[in-house]
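What's in protein.tsv: TSV, C-alpha atoms
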chain	number	residue	atom	x	y	z
A	370	MET	CA	64.55	67.75	49.44
A	371	ARG	CA	64.89	64.91	51.93
A	372	GLN	CA	68.38	64.26	50.65
A	373	LYS	CA	69.34	67.89	51.30
A	374	ASN	CA	67.92	67.68	54.82
A	375	LYS	CA	69.98	64.57	55.49
A	376	ILE	CA	73.12	66.30	54.27
A	377	LEU	CA	72.36	69.35	56.43
A	378	ILE	CA	71.84	67.15	59.50
A	379	ILE	CA	75.12	65.34	58.85
A	380	ILE	CA	76.94	68.68	58.51
A	381	LEU	CA	75.46	69.91	61.79
A	382	ILE	CA	76.51	66.69	63.55
A	383	ILE	CA	80.07	67.08	62.24
A	384	ILE	CA	80.20	70.71	63.39
A	385	ALA	CA	78.90	69.75	66.83
A	386	PHE	CA	81.52	66.99	67.07
A	387	ILE	CA	84.34	69.38	66.11
A	388	LEU	CA	83.18	71.95	68.65
A	389	GLY	CA	82.99	69.27	71.32
A	390	VAL	CA	86.53	68.08	70.61
A	391	TYR	CA	87.83	71.67	70.63
A	392	SER	CA	86.06	72.44	73.88
A	393	TYR	CA	87.52	69.34	75.53
A	394	SER	CA	91.04	70.00	74.25
A	395	SER	CA	90.90	73.64	75.36
A	396	TYR	CA	90.93	72.63	79.03
A	397	ASP	CA	94.30	72.91	80.73
A	398	THR	CA	96.17	69.73	81.47
A	399	TYR	CA	97.82	69.65	84.87
A	400	GLN	CA	100.88	68.05	86.38
A	401	ASN	CA	101.99	67.46	89.95
A	402	LEU	CA	104.31	70.02	91.50
A	403	THR	CA	106.41	69.22	94.57
A	404	MET	CA	108.22	71.94	96.48
A	405	ASP	CA	109.58	72.15	100.01
A	406	GLY	CA	106.72	70.71	102.08
A	407	LEU	CA	104.17	71.54	99.38
A	408	THR	CA	102.38	69.58	96.67
A	409	CYS	CA	99.71	70.73	94.22
A	410	GLU	CA	98.72	70.54	90.57
A	411	VAL	CA	99.79	73.26	88.12
A	412	PRO	CA	99.31	73.73	84.36
A	413	GLU	CA	101.58	71.37	82.46
A	414	SER	CA	104.95	72.89	81.57
A	415	SER	CA	108.69	72.25	81.68
A	416	VAL	CA	109.34	74.87	84.36
A	417	ASN	CA	111.78	73.89	87.09
A	418	VAL	CA	111.77	75.00	90.72
A	419	THR	CA	114.47	77.48	91.75
A	420	ASN	CA	116.10	76.48	95.06
A	421	GLN	CA	117.52	78.98	97.55
A	422	THR	CA	118.65	78.56	101.15
A	423	ASP	CA	115.30	79.01	102.88
A	424	TYR	CA	112.87	79.36	100.01
A	425	GLN	CA	111.87	77.90	96.65
A	426	ILE	CA	110.27	79.63	93.67
A	427	TYR	CA	108.18	78.14	90.86
A	428	GLU	CA	107.68	80.70	88.09
A	429	ASN	CA	105.76	79.85	84.93
A	430	ASN	CA	106.09	82.94	82.73
A	431	LYS	CA	103.76	81.54	80.06
A	432	GLU	CA	100.89	81.24	82.56
A	433	ASN	CA	102.14	84.21	84.62
A	434	LEU	CA	101.99	81.87	87.61
A	435	LYS	CA	104.31	82.17	90.60
A	436	ILE	CA	104.50	80.02	93.74
A	437	ILE	CA	106.88	80.86	96.58
A	438	VAL	CA	107.56	78.66	99.61
A	439	TYR	CA	109.52	80.47	102.31
A	440	ASN	CA	110.52	78.74	105.55
A	441	LYS	CA	110.91	81.27	108.34
A	442	TYR	CA	113.26	79.92	111.01
A	443	PRO	CA	113.62	82.14	114.11
A	444	ASP	CA	117.33	81.34	114.52
A	445	ASN	CA	118.21	82.18	110.92
A	446	GLU	CA	120.79	84.98	110.75
A	447	ASN	CA	119.29	86.30	107.50
A	448	ILE	CA	115.67	86.13	108.68
A	449	THR	CA	115.23	89.92	108.79
A	450	ASN	CA	116.37	90.58	105.23
A	451	GLN	CA	114.68	87.52	103.76
A	452	THR	CA	111.43	88.14	105.62
A	453	THR	CA	111.43	91.76	104.47
A	454	SER	CA	111.96	90.68	100.85
A	455	PHE	CA	109.20	88.09	101.08
A	456	ASP	CA	106.81	90.56	102.72
A	457	ASP	CA	107.53	93.10	99.97
A	458	VAL	CA	106.53	90.57	97.30
A	459	LYS	CA	103.46	89.50	99.30
A	460	ASN	CA	102.28	93.05	99.98
A	461	THR	CA	102.77	94.08	96.36
A	462	ALA	CA	100.71	91.12	95.14
A	463	GLN	CA	97.93	91.83	97.65
A	464	LYS	CA	97.82	95.62	97.34
A	465	ASP	CA	94.18	96.80	97.13
A	466	ALA	CA	93.11	93.14	96.99
A	467	LYS	CA	89.81	91.93	98.37
A	468	PRO	CA	88.88	88.39	99.47
A	469	THR	CA	87.01	86.38	96.84
A	470	THR	CA	85.38	82.97	97.29
A	471	LYS	CA	84.60	80.70	94.34
A	472	ASN	CA	84.06	76.94	94.29
A	473	ASN	CA	84.62	76.90	98.06
A	474	GLN	CA	88.10	78.38	97.62
A	475	THR	CA	89.01	81.76	99.12
A	476	PHE	CA	91.75	83.96	97.70
A	477	ASN	CA	92.49	87.65	97.19
A	478	LYS	CA	91.89	89.54	93.95
A	479	THR	CA	93.04	93.02	92.97
A	480	PRO	CA	91.06	95.46	90.79
A	481	SER	CA	93.47	94.65	87.95
A	482	GLY	CA	92.53	90.96	88.17
A	483	LEU	CA	95.62	89.51	89.88
A	484	CYS	CA	94.67	86.59	92.13
A	485	SER	CA	96.81	85.81	95.15
A	486	TYR	CA	96.80	83.36	98.04
A	487	TYR	CA	98.92	83.61	101.16
A	488	ALA	CA	99.04	81.41	104.25
A	489	ASP	CA	101.48	80.75	107.09
A	490	TYR	CA	101.62	77.03	107.85
A	491	SER	CA	103.34	77.29	111.23
A	492	GLY	CA	106.36	79.06	109.76
A	493	ARG	CA	106.12	77.65	106.23
A	494	ASN	CA	104.93	80.66	104.22
A	495	VAL	CA	103.18	80.01	100.92
A	496	LEU	CA	102.40	82.70	98.33
A	497	ILE	CA	100.64	81.97	95.02
A	498	THR	CA	99.92	84.59	92.34
A	499	THR	CA	98.20	84.25	88.96
A	500	PRO	CA	95.77	86.31	86.85
A	501	ASP	CA	93.77	83.15	86.04
A	502	GLU	CA	90.99	82.39	88.54
A	503	ASN	CA	90.52	78.84	87.26
A	504	THR	CA	94.21	78.09	87.72
A	505	MET	CA	94.13	79.49	91.26
A	506	ILE	CA	91.03	77.48	92.16
A	507	HIS	CA	92.52	74.24	90.83
A	508	ILE	CA	95.78	74.79	92.70
A	509	LEU	CA	93.95	75.44	95.98
A	510	GLN	CA	91.75	72.38	95.46
A	511	THR	CA	94.85	70.19	95.17
A	512	LEU	CA	97.12	72.05	97.60
A	513	LYS	CA	98.71	70.12	100.47
A	514	VAL	CA	101.23	71.75	102.80
A	515	GLU	CA	103.17	70.22	105.68
A	516	LEU	CA	103.56	72.34	108.80
A	517	LEU	CA	107.10	73.58	109.31
A	518	GLU	CA	106.92	73.01	113.06
A	519	GLN	CA	105.11	69.93	114.32
A	520	VAL	CA	103.54	70.48	117.75
A	521	ASP	CA	102.40	67.79	120.19
A	522	LEU	CA	98.92	69.04	121.03
A	523	GLU	CA	98.47	66.56	123.91
A	524	ASN	CA	101.65	67.41	125.81
A	525	ASN	CA	101.74	71.19	125.23
A	526	ALA	CA	98.87	73.27	126.57
A	527	THR	CA	99.35	76.92	127.46
A	528	ASP	CA	98.93	79.78	124.99
A	529	ASN	CA	96.39	79.14	122.25
A	530	GLN	CA	97.45	79.99	118.73
A	531	THR	CA	95.89	79.18	115.37
A	532	THR	CA	97.77	77.66	112.49
A	533	VAL	CA	96.51	77.33	108.94
A	534	ASN	CA	96.09	73.80	107.63
A	535	LYS	CA	94.45	71.99	104.72
A	536	ASP	CA	91.80	69.32	105.09
A	537	THR	CA	92.07	66.04	103.18
A	538	ASN	CA	89.90	67.34	100.34
A	539	ASN	CA	91.76	70.67	100.20
A	540	LYS	CA	88.49	72.56	100.01
A	541	ASP	CA	89.74	75.61	101.89
A	542	ALA	CA	92.28	76.76	104.41
A	543	SER	CA	91.20	76.01	107.94
A	544	SER	CA	92.73	76.72	111.34
A	545	ASN	CA	93.54	74.38	114.18
A	546	THR	CA	94.16	75.64	117.70
A	547	GLN	CA	97.54	74.57	118.99
A	548	SER	CA	99.82	75.47	121.89
A	549	SER	CA	103.05	77.28	121.19
A	550	SER	CA	105.00	77.54	124.45
A	551	LYS	CA	107.37	74.69	125.28
A	552	LYS	CA	108.32	75.45	128.88
A	553	SER	CA	108.20	78.39	131.24
A	554	SER	CA	111.91	78.93	130.62
A	555	SER	CA	111.21	79.69	126.97
A	556	LYS	CA	108.70	82.35	128.08
A	557	SER	CA	111.32	83.92	130.31
A	558	SER	CA	113.82	84.08	127.47
A	559	SER	CA	111.17	85.67	125.26
A	560	LYS	CA	110.57	88.42	127.79
A	561	SER	CA	114.26	89.09	128.24
A	562	SER	CA	114.65	89.50	124.48
A	563	GLY	CA	111.93	92.11	124.17
A	564	GLY	CA	108.69	90.46	125.22
A	565	GLY	CA	108.23	92.69	128.25
A	566	ASP	CA	105.42	92.43	130.77
A	567	ASP	CA	102.65	93.57	128.44
A	568	GLY	CA	101.56	90.02	127.64
A	569	TYR	CA	103.41	89.75	124.33
A	570	HIS	CA	105.81	86.90	123.61
A	571	TYR	CA	107.76	85.98	120.51
A	572	SER	CA	105.98	83.47	118.27
A	573	PRO	CA	108.02	81.61	115.61
A	574	GLN	CA	104.72	80.82	113.88
A	575	TYR	CA	103.88	84.48	113.34
A	576	GLY	CA	107.46	85.76	113.20
A	577	GLN	CA	106.72	88.56	115.68
A	578	TYR	CA	105.59	89.30	119.23
A	579	VAL	CA	101.98	88.35	119.86
A	580	LYS	CA	99.64	87.95	122.79
A	581	SER	CA	96.76	85.51	123.18
A	582	TYR	CA	93.62	85.95	125.22
A	583	THR	CA	90.05	84.68	125.42
A	584	THR	CA	87.06	86.98	125.89
A	585	SER	CA	84.06	86.20	128.09
A	586	ASP	CA	82.11	84.86	125.11
A	587	GLY	CA	84.75	82.15	124.57
A	588	VAL	CA	86.26	83.75	121.46
A	589	GLN	CA	90.04	83.24	121.25
A	590	HIS	CA	92.11	86.23	120.08
A	591	ILE	CA	95.67	86.68	118.86
A	592	ARG	CA	97.12	90.17	118.40
A	593	GLY	CA	100.48	91.10	116.94
A	594	ARG	CA	102.45	94.24	117.66
A	595	ASP	CA	102.34	95.08	113.95
A	596	GLY	CA	98.53	95.39	114.09
A	597	TYR	CA	97.68	91.84	113.04
A	598	HIS	CA	94.48	90.53	114.68
A	599	GLU	CA	93.04	87.04	114.48
A	600	TYR	CA	90.14	85.55	116.37
A	601	TYR	CA	88.53	82.12	116.48
A	602	ASN	CA	84.99	81.35	117.67
A	603	PRO	CA	84.96	77.69	118.81
A	604	HIS	CA	81.16	77.71	118.91
A	605	THR	CA	80.72	78.51	115.21
A	606	GLY	CA	84.14	77.55	113.83
A	607	HIS	CA	84.48	81.07	112.40
A	608	ILE	CA	88.05	82.31	111.94
A	609	HIS	CA	88.74	85.94	111.04
A	610	SER	CA	92.17	87.37	110.25
A	611	LYS	CA	92.96	91.04	109.64
A	612	PHE	CA	96.40	91.93	108.31
A	613	PRO	CA	98.26	95.24	108.84
A	614	ASN	CA	97.78	96.13	105.15
A	615	GLY	CA	93.99	96.03	105.61
A	616	VAL	CA	93.38	92.67	103.93
A	617	GLU	CA	90.84	90.56	105.84
A	618	TYR	CA	90.30	86.83	105.58
A	619	ASP	CA	87.41	84.68	106.82
A	620	ASP	CA	87.34	80.93	107.14
A	621	TYR	CA	85.51	78.20	109.00
A	622	PHE	CA	87.03	75.26	110.81
A	623	THR	CA	84.79	72.23	111.19

Mind turning this structure into structure tokens?
Amino acid sequence: MRQKNKILIIILIIIAFILGVYSYSSYDTYQNLTMDGLTCEVPESSVNVTNQTDYQIYENNKENLKIIVYNKYPDNENITNQTTSFDDVKNTAQKDAKPTTKNNQTFNKTPSGLCSYYADYSGRNVLITTPDENTMIHILQTLKVELLEQVDLENNATDNQTTVNKDTNNKDASSNTQSSSKKSSSKSSSKSSGGGDDGYHYSPQYGQYVKSYTTSDGVQHIRGRDGYHEYYNPHTGHIHSKFPNGVEYDDYFT
């Protein structure tokens, strides 16, 4: 009887060991991905990045994972067509999506389960789509993006605008307040090209005409002519963005 118990215990130990090895091996292994101004970790594969004039695409069909980096330059002759194409892809991925926060990472998720992340890093647009939440979370935790336009915050101080950035731990997307106007002459040229006297001026960061203002409570607002609205409360660090398609995004800058 004791001998049988010993054998049973040994069998249970072996089964537990096998299950442990399987569980460990079932985790995805990741590799570094470098794109134009972007680095992150993605599931290991032999997928290559597709290079175009102003954008790059990483598409892993096995994982159904897609990452697009699109640099929006105001003086680009093809900006209208390329921006429209990019916006079509972005809006399709985020249709009926709602913000979801898990493991300190915020992204959008549709009723069908498609996860998406979009951010404009001062003109460098990043779109990530995948049906796997764990993959999305890991990518966001390791995501680092360089701003397309570097701004000297000390020497430029007029209109306040917010730009999305990543902290060193890549916990979530945060926003830093930065100035966007270079000189008064640039404001004049903006008005002559359609800015008008209604307070709107063209912003390369947002790719449209926007106006900035601060309410009596100290909250800084940015409104776009397309209906985009973003506000930042410097007292609480709360940042709220509402897109024309109805998607809303909340973040905190500390």

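Distance-wise, atom CA of Tyr439 of chain A and atom CA of Leu517 of chain A end up 10.1 Å apart.
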
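Atom CA of Pro468 of chain A sits 19.6 Å away from atom CA of Thr511 of chain A.
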
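With distances taken over all atoms listed in the file, A:Asp405 is the one residue among A:Asp465, A:Asp405, A:Asp501, A:Asp456 lying closest to Val418 of chain A.
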
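Atom CA of Ile608 of chain A to atom CA of Gly587 of chain A spans 13.1 Å [interatomic distance, one decimal].
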
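Of the residues listed (A:Phe455, A:Tyr399, A:Tyr486, A:Phe476), A:Tyr399 shows the shortest atom-to-atom separation from Val411 of chain A; distances use all atoms listed in the file.
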
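Closest approach to Gln510 of chain A from the set A:Thr475, A:Ser415, A:Gln421, A:Gln577 is made by A:Thr475, with distances taken over all atoms listed in the file.
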